[in-house]
$ cat my_file_14.csv   # CSV, N, CA and C atoms
chain,number,residue,atom,x,y,z
A,1,MET,N,115.7,129.0,96.1
A,1,MET,CA,116.0,129.0,97.5
A,1,MET,C,116.2,130.4,98.0
A,2,PHE,N,116.2,130.5,99.3
A,2,PHE,CA,116.3,131.8,99.9
A,2,PHE,C,117.6,132.6,99.6
A,3,VAL,N,118.7,131.8,99.2
A,3,VAL,CA,120.0,132.5,99.0
A,3,VAL,C,119.9,133.4,97.8
A,4,ARG,N,119.1,133.0,96.8
A,4,ARG,CA,119.0,133.9,95.6
A,4,ARG,C,118.4,135.3,96.0
A,5,SER,N,117.4,135.3,96.9
A,5,SER,CA,116.9,136.5,97.4
A,5,SER,C,117.9,137.3,98.2
A,6,VAL,N,118.7,136.6,98.9
A,6,VAL,CA,119.7,137.2,99.7
A,6,VAL,C,120.7,137.9,98.8
A,7,LEU,N,121.1,137.3,97.8
A,7,LEU,CA,122.1,137.9,96.9
A,7,LEU,C,121.5,139.1,96.2
A,8,VAL,N,120.3,139.1,95.9
A,8,VAL,CA,119.6,140.3,95.3
A,8,VAL,C,119.7,141.5,96.3
A,9,SER,N,119.6,141.1,97.6
A,9,SER,CA,119.6,142.1,98.7
A,9,SER,C,121.0,142.5,99.2
A,10,LEU,N,122.0,142.0,98.6
A,10,LEU,CA,123.4,142.3,99.2
A,10,LEU,C,123.7,143.7,99.2
A,11,ALA,N,123.0,144.6,98.5
A,11,ALA,CA,123.3,146.0,98.6
A,11,ALA,C,123.1,146.5,100.0
A,12,LEU,N,122.2,145.8,100.7
A,12,LEU,CA,121.9,146.1,102.1
A,12,LEU,C,123.0,145.6,103.0
A,13,LEU,N,123.8,144.7,102.5
A,13,LEU,CA,124.9,144.1,103.4
A,13,LEU,C,125.8,145.1,104.0
A,14,SER,N,126.1,146.2,103.3
A,14,SER,CA,127.0,147.2,103.9
A,14,SER,C,126.4,147.8,105.1
A,15,LEU,N,125.0,147.9,105.2
A,15,LEU,CA,124.3,148.5,106.3
A,15,LEU,C,124.3,147.6,107.5
A,16,VAL,N,124.3,146.3,107.3
A,16,VAL,CA,124.2,145.4,108.5
A,16,VAL,C,125.5,144.7,108.8
A,17,GLN,N,126.5,144.9,107.9
A,17,GLN,CA,127.8,144.2,108.1
A,17,GLN,C,128.5,144.6,109.4
A,18,ASP,N,128.5,145.9,109.7
A,18,ASP,CA,129.2,146.4,110.9
A,18,ASP,C,128.5,145.8,112.1
A,19,VAL,N,127.2,145.8,112.2
A,19,VAL,CA,126.5,145.3,113.4
A,19,VAL,C,126.8,143.8,113.5
A,20,ASP,N,126.7,143.0,112.5
A,20,ASP,CA,126.9,141.6,112.6
A,20,ASP,C,128.4,141.3,112.9
A,21,ALA,N,129.3,142.0,112.4
A,21,ALA,CA,130.7,141.8,112.6
A,21,ALA,C,131.0,142.0,114.1
A,22,GLN,N,130.4,143.0,114.7
A,22,GLN,CA,130.5,143.2,116.2
A,22,GLN,C,130.0,142.0,117.0
A,23,THR,N,128.9,141.4,116.6
A,23,THR,CA,128.4,140.3,117.3
A,23,THR,C,129.3,139.1,117.1
A,24,ALA,N,130.0,139.0,116.0
A,24,ALA,CA,130.8,137.8,115.7
A,24,ALA,C,132.0,137.7,116.7
A,25,THR,N,132.3,138.7,117.4
A,25,THR,CA,133.5,138.7,118.3
A,25,THR,C,133.1,138.2,119.7
A,26,THR,N,131.8,138.0,120.0
A,26,THR,CA,131.4,137.6,121.3
A,26,THR,C,130.7,136.2,121.2
A,27,THR,N,130.9,135.4,122.2
A,27,THR,CA,130.2,134.1,122.3
A,27,THR,C,129.0,134.4,123.2
A,28,PRO,N,127.8,134.0,122.8
A,28,PRO,CA,126.7,134.2,123.6
A,28,PRO,C,126.8,133.5,124.9
A,29,VAL,N,126.3,134.2,126.0
A,29,VAL,CA,126.4,133.6,127.3
A,29,VAL,C,125.4,132.5,127.4
A,30,SER,N,124.2,132.6,126.8
A,30,SER,CA,123.2,131.5,127.0
A,30,SER,C,123.1,130.6,125.8
A,31,GLY,N,124.1,130.6,124.9
A,31,GLY,CA,124.1,129.7,123.8
A,31,GLY,C,123.8,130.5,122.5
A,32,TYR,N,123.6,129.8,121.4
A,32,TYR,CA,123.4,130.4,120.1
A,32,TYR,C,122.0,130.9,120.0
A,33,THR,N,121.8,132.1,119.3
A,33,THR,CA,120.5,132.6,119.0
A,33,THR,C,120.4,132.9,117.5
A,34,LEU,N,119.3,133.5,117.1
A,34,LEU,CA,119.1,133.9,115.7
A,34,LEU,C,119.9,135.1,115.4
A,35,ASP,N,120.5,135.7,116.4
A,35,ASP,CA,121.4,136.9,116.2
A,35,ASP,C,122.8,136.5,116.1
A,36,THR,N,123.2,135.3,116.4
A,36,THR,CA,124.6,134.8,116.3
A,36,THR,C,125.0,134.7,114.8
A,37,PRO,N,126.1,135.1,114.5
A,37,PRO,CA,126.6,134.9,113.1
A,37,PRO,C,126.6,133.5,112.7
A,38,ILE,N,126.2,133.2,111.5
A,38,ILE,CA,126.1,131.8,111.0
A,38,ILE,C,127.4,131.1,111.1
A,39,GLU,N,128.5,131.8,110.8
A,39,GLU,CA,129.8,131.1,110.8
A,39,GLU,C,130.2,130.7,112.2
A,40,THR,N,129.7,131.4,113.2
A,40,THR,CA,130.0,131.1,114.6
A,40,THR,C,129.2,129.8,115.0
A,41,ILE,N,127.9,129.7,114.6
A,41,ILE,CA,127.2,128.5,114.8
A,41,ILE,C,127.8,127.3,114.1
A,42,ALA,N,128.1,127.6,112.8
A,42,ALA,CA,128.7,126.5,112.0
A,42,ALA,C,130.0,126.0,112.5
A,43,GLY,N,130.7,126.8,113.2
A,43,GLY,CA,132.0,126.5,113.8
A,43,GLY,C,132.0,125.4,114.9
A,44,ASP,N,130.8,125.2,115.4
A,44,ASP,CA,130.5,124.2,116.4
A,44,ASP,C,129.8,123.1,115.7
A,45,PRO,N,130.4,121.8,115.8
A,45,PRO,CA,129.8,120.7,115.2
A,45,PRO,C,128.3,120.5,115.5
A,46,ALA,N,127.9,120.7,116.8
A,46,ALA,CA,126.5,120.6,117.1
A,46,ALA,C,125.7,121.7,116.5
A,47,GLY,N,126.2,122.9,116.4
A,47,GLY,CA,125.5,124.0,115.8
A,47,GLY,C,125.4,123.8,114.3
A,48,ALA,N,126.4,123.3,113.7
A,48,ALA,CA,126.4,122.9,112.2
A,48,ALA,C,125.3,121.9,112.0
A,49,ALA,N,125.2,120.9,112.9
A,49,ALA,CA,124.2,119.8,112.7
A,49,ALA,C,122.8,120.4,112.8
A,50,VAL,N,122.6,121.4,113.7
A,50,VAL,CA,121.3,122.0,113.7
A,50,VAL,C,121.0,122.7,112.4
A,51,LEU,N,121.9,123.5,111.9
A,51,LEU,CA,121.7,124.2,110.7
A,51,LEU,C,121.5,123.3,109.5
A,52,ASN,N,122.2,122.2,109.4
A,52,ASN,CA,122.1,121.2,108.4
A,52,ASN,C,120.7,120.5,108.4
A,53,LYS,N,120.2,120.3,109.7
A,53,LYS,CA,118.9,119.7,109.8
A,53,LYS,C,117.8,120.6,109.5
A,54,ASP,N,117.8,121.8,110.0
A,54,ASP,CA,116.7,122.8,109.9
A,54,ASP,C,116.7,123.6,108.6
A,55,ILE,N,117.9,123.9,108.1
A,55,ILE,CA,118.0,124.7,106.9
A,55,ILE,C,119.0,124.0,105.9
A,56,PRO,N,118.5,122.9,105.4
A,56,PRO,CA,119.4,122.1,104.5
A,56,PRO,C,120.0,122.9,103.3
A,57,GLY,N,121.2,122.7,103.1
A,57,GLY,CA,121.9,123.4,102.0
A,57,GLY,C,122.5,124.8,102.3
A,58,LEU,N,122.2,125.3,103.5
A,58,LEU,CA,122.7,126.6,103.9
A,58,LEU,C,124.2,126.6,103.9
A,59,LEU,N,124.8,125.6,104.6
A,59,LEU,CA,126.3,125.6,104.8
A,59,LEU,C,127.0,125.1,103.6
A,60,THR,N,126.3,124.5,102.6
A,60,THR,CA,127.0,124.1,101.4
A,60,THR,C,126.7,125.0,100.2
A,61,ASP,N,125.9,126.0,100.4
A,61,ASP,CA,125.6,126.9,99.3
A,61,ASP,C,126.9,127.6,98.8
A,62,PRO,N,127.0,127.7,97.5
A,62,PRO,CA,128.2,128.3,96.9
A,62,PRO,C,128.4,129.8,97.4
A,63,SER,N,127.4,130.5,97.9
A,63,SER,CA,127.5,131.8,98.3
A,63,SER,C,127.8,131.9,99.8
A,64,TYR,N,128.0,130.8,100.5
A,64,TYR,CA,128.2,130.8,101.9
A,64,TYR,C,129.2,131.8,102.4
A,65,GLY,N,130.3,131.9,101.7
A,65,GLY,CA,131.4,132.8,102.0
A,65,GLY,C,131.0,134.2,102.1
A,66,ILE,N,129.9,134.6,101.3
A,66,ILE,CA,129.4,135.9,101.3
A,66,ILE,C,128.5,136.2,102.5
A,67,PHE,N,127.6,135.3,102.8
A,67,PHE,CA,126.6,135.6,103.9
A,67,PHE,C,126.9,135.0,105.2
A,68,LYS,N,128.0,134.3,105.4
A,68,LYS,CA,128.3,133.6,106.6
A,68,LYS,C,128.5,134.5,107.8
A,69,ILE,N,128.8,135.8,107.6
A,69,ILE,CA,129.0,136.7,108.7
A,69,ILE,C,127.7,137.3,109.2
A,70,LEU,N,126.6,137.0,108.5
A,70,LEU,CA,125.3,137.5,108.9
A,70,LEU,C,124.6,136.5,109.8
A,71,SER,N,123.7,137.0,110.6
A,71,SER,CA,122.9,136.2,111.5
A,71,SER,C,121.7,135.6,110.7
A,72,LEU,N,121.1,134.6,111.3
A,72,LEU,CA,119.9,134.0,110.7
A,72,LEU,C,118.8,135.0,110.6
A,73,LYS,N,118.7,135.8,111.6
A,73,LYS,CA,117.7,136.9,111.6
A,73,LYS,C,117.8,137.8,110.4
A,74,THR,N,119.1,138.2,110.2
A,74,THR,CA,119.4,139.1,109.0
A,74,THR,C,119.1,138.4,107.7
A,75,ILE,N,119.5,137.2,107.6
A,75,ILE,CA,119.3,136.4,106.4
A,75,ILE,C,117.8,136.3,106.1
A,76,ALA,N,117.0,136.0,107.2
A,76,ALA,CA,115.5,135.9,107.0
A,76,ALA,C,115.0,137.2,106.5
A,77,ALA,N,115.4,138.4,107.1
A,77,ALA,CA,114.9,139.7,106.6
A,77,ALA,C,115.2,139.9,105.2
A,78,LEU,N,116.4,139.5,104.7
A,78,LEU,CA,116.8,139.7,103.3
A,78,LEU,C,116.2,138.7,102.4
A,79,SER,N,115.6,137.6,102.9
A,79,SER,CA,115.2,136.5,102.0
A,79,SER,C,113.8,136.7,101.4
A,80,HIS,N,113.1,137.7,101.8
A,80,HIS,CA,111.8,138.0,101.2
A,80,HIS,C,110.8,136.9,101.5
A,81,GLY,N,111.0,136.3,102.7
A,81,GLY,CA,110.0,135.2,103.1
A,81,GLY,C,110.5,133.8,102.8
A,82,ASP,N,111.6,133.6,102.1
A,82,ASP,CA,112.0,132.3,101.7
A,82,ASP,C,112.5,131.5,103.0
A,83,LEU,N,113.1,132.2,103.9
A,83,LEU,CA,113.5,131.7,105.2
A,83,LEU,C,112.4,132.1,106.2
A,84,ASP,N,111.4,131.2,106.3
A,84,ASP,CA,110.1,131.6,107.0
A,84,ASP,C,110.2,131.5,108.5
A,85,ASP,N,109.2,132.0,109.2
A,85,ASP,CA,109.1,132.0,110.6
A,85,ASP,C,109.1,130.7,111.2
A,86,GLN,N,108.4,129.7,110.6
A,86,GLN,CA,108.4,128.3,111.1
A,86,GLN,C,109.8,127.7,111.2
A,87,THR,N,110.6,127.9,110.1
A,87,THR,CA,111.9,127.4,110.1
A,87,THR,C,112.8,128.1,111.1
A,88,LEU,N,112.6,129.4,111.3
A,88,LEU,CA,113.4,130.2,112.3
A,88,LEU,C,113.0,129.7,113.7
A,89,THR,N,111.7,129.5,113.9
A,89,THR,CA,111.3,129.0,115.3
A,89,THR,C,111.9,127.7,115.6
A,90,GLN,N,111.9,126.8,114.7
A,90,GLN,CA,112.4,125.4,114.9
A,90,GLN,C,113.9,125.5,115.1
A,91,THR,N,114.6,126.3,114.3
A,91,THR,CA,116.1,126.5,114.4
A,91,THR,C,116.4,127.1,115.7
A,92,GLU,N,115.7,128.1,116.1
A,92,GLU,CA,115.9,128.8,117.4
A,92,GLU,C,115.8,127.8,118.6
A,93,ALA,N,114.7,127.0,118.5
A,93,ALA,CA,114.5,126.0,119.6
A,93,ALA,C,115.6,124.9,119.6
A,94,ASP,N,116.1,124.5,118.5
A,94,ASP,CA,117.1,123.5,118.4
A,94,ASP,C,118.5,124.1,118.9
A,95,LEU,N,118.7,125.4,118.6
A,95,LEU,CA,119.9,126.0,119.0
A,95,LEU,C,119.9,126.2,120.6
A,96,LYS,N,118.7,126.6,121.1
A,96,LYS,CA,118.6,126.7,122.6
A,96,LYS,C,118.9,125.4,123.3
A,97,ALA,N,118.6,124.3,122.6
A,97,ALA,CA,118.7,123.0,123.3
A,97,ALA,C,120.2,122.6,123.4
A,98,LEU,N,121.1,123.3,122.6
A,98,LEU,CA,122.5,123.0,122.7
A,98,LEU,C,123.1,123.6,123.9
A,99,ARG,N,124.2,123.0,124.4
A,99,ARG,CA,124.9,123.6,125.5
A,99,ARG,C,125.7,124.8,125.0
A,100,THR,N,125.9,125.7,125.9
A,100,THR,CA,126.7,126.9,125.6
A,100,THR,C,128.2,126.4,125.3
A,101,PRO,N,128.8,126.9,124.2
A,101,PRO,CA,130.1,126.5,123.9
A,101,PRO,C,131.1,127.0,125.0
A,102,ALA,N,132.1,126.1,125.3
A,102,ALA,CA,133.1,126.5,126.3
A,102,ALA,C,134.0,127.4,125.7
A,103,PRO,N,134.6,128.3,126.6
A,103,PRO,CA,135.7,129.2,126.1
A,103,PRO,C,136.8,128.3,125.5
A,104,SER,N,137.5,128.9,124.6
A,104,SER,CA,138.6,128.2,123.9
A,104,SER,C,139.5,127.5,124.9
A,105,GLY,N,139.8,126.2,124.7
A,105,GLY,CA,140.7,125.5,125.5
A,105,GLY,C,140.1,124.9,126.8
A,106,GLN,N,138.8,125.1,127.0
A,106,GLN,CA,138.2,124.6,128.2
A,106,GLN,C,137.1,123.6,127.8
A,107,GLN,N,136.8,122.7,128.7
A,107,GLN,CA,135.7,121.8,128.4
A,107,GLN,C,134.6,122.0,129.4
A,108,LEU,N,133.4,121.8,129.0
A,108,LEU,CA,132.2,121.9,129.9
A,108,LEU,C,132.1,120.6,130.7
A,109,PRO,N,131.6,120.7,131.9
A,109,PRO,CA,131.5,119.5,132.8
A,109,PRO,C,130.4,118.6,132.3
$ encode --input "my_file_14.csv" --output "structure tokens"
Amino acid sequence: MFVRSVLVSLALLSLVQDVDAQTATTTPVSGYTLDTPIETIAGDPAGAAVLNKDIPGLLTDPSYGIFKILSLKTIAALSHGDLDDQTLTQTEADLKALRTPAPSGQQLP
């Protein structure tokens, strides 16, 4: 699975970690994207459902704690093609179909 390739590439993690950590602190205005940290998407039940549907096993992978701060785009780049463009395109479309998460403590109309 693609996670094995990611683990081989974790040496690159220190290069992308700062960029992805900065993105983790903001909620996207227009919803989740391929640049949103995986843990942010997974924190929303609807987002987690998309990830479970489109990328089965991602959220239950034993190494989830290591790569959860990364975005899907970063994971794809590190996966050496195991997370392919077709999967990313489908996941991106499904994420765009979700409503933007409400700020903490507020509900969407």
$ residues_around --input "my_file_14.csv" --residues "Ile55 (chain A)" --least-positions-apart "3" --cutoff "8 Å" --atoms "only C-alpha atoms" --output "ChimeraX atom specification"
/A:51-52,58,87,91
$ closest_residue --input "my_file_14.csv" --among "A:Gly65, A:Gly47, A:Glu39, A:Leu34" --to "Leu98 (chain A)" --atoms "only C-alpha atoms"
A:Gly47
$ select_by_dssp --input "my_file_14.csv" --residues "region 52-105 of chain A" --states "alpha helix (DSSP H)" --output "PyMOL selection string"
chain A and resi 52-54+64-67+72-78+85-96
$ atom_distance --input "my_file_14.csv" --atom1 "CA of Leu72 (chain A)" --atom2 "CA of Ile41 (chain A)"
10.0 Å
$ atom_distance --input "my_file_14.csv" --atom1 "CA of Ala93 (chain A)" --atom2 "CA of Thr33 (chain A)"
8.9 Å
$ atom_distance --input "my_file_14.csv" --atom1 "CA of Asp44 (chain A)" --atom2 "CA of Gly81 (chain A)"
26.8 Å
$ closest_residue --input "my_file_14.csv" --among "A:Asp82, A:Pro62, A:Ile69, A:Asp54" --to "Thr40 (chain A)" --atoms "all atoms listed in the file"
A:Ile69
$ closest_residue --input "my_file_14.csv" --among "A:Thr89, A:Val50, A:Leu95, A:Leu78" --to "Thr36 (chain A)" --atoms "only C-alpha atoms"
A:Leu95
$ closest_residue --input "my_file_14.csv" --among "A:His80, A:Pro37, A:Tyr32, A:Ser63" --to "Glu92 (chain A)" --atoms "only N, CA and C atoms"
A:Tyr32
$ closest_residue --input "my_file_14.csv" --among "A:Ala49, A:Leu88, A:Leu83, A:Ile66" --to "Asp35 (chain A)" --atoms "only C-alpha atoms"
A:Leu88
$ closest_residue --input "my_file_14.csv" --among "A:Ser79, A:Pro56, A:Thr74, A:Lys68" --to "Ala42 (chain A)" --atoms "only C-alpha atoms"
A:Lys68
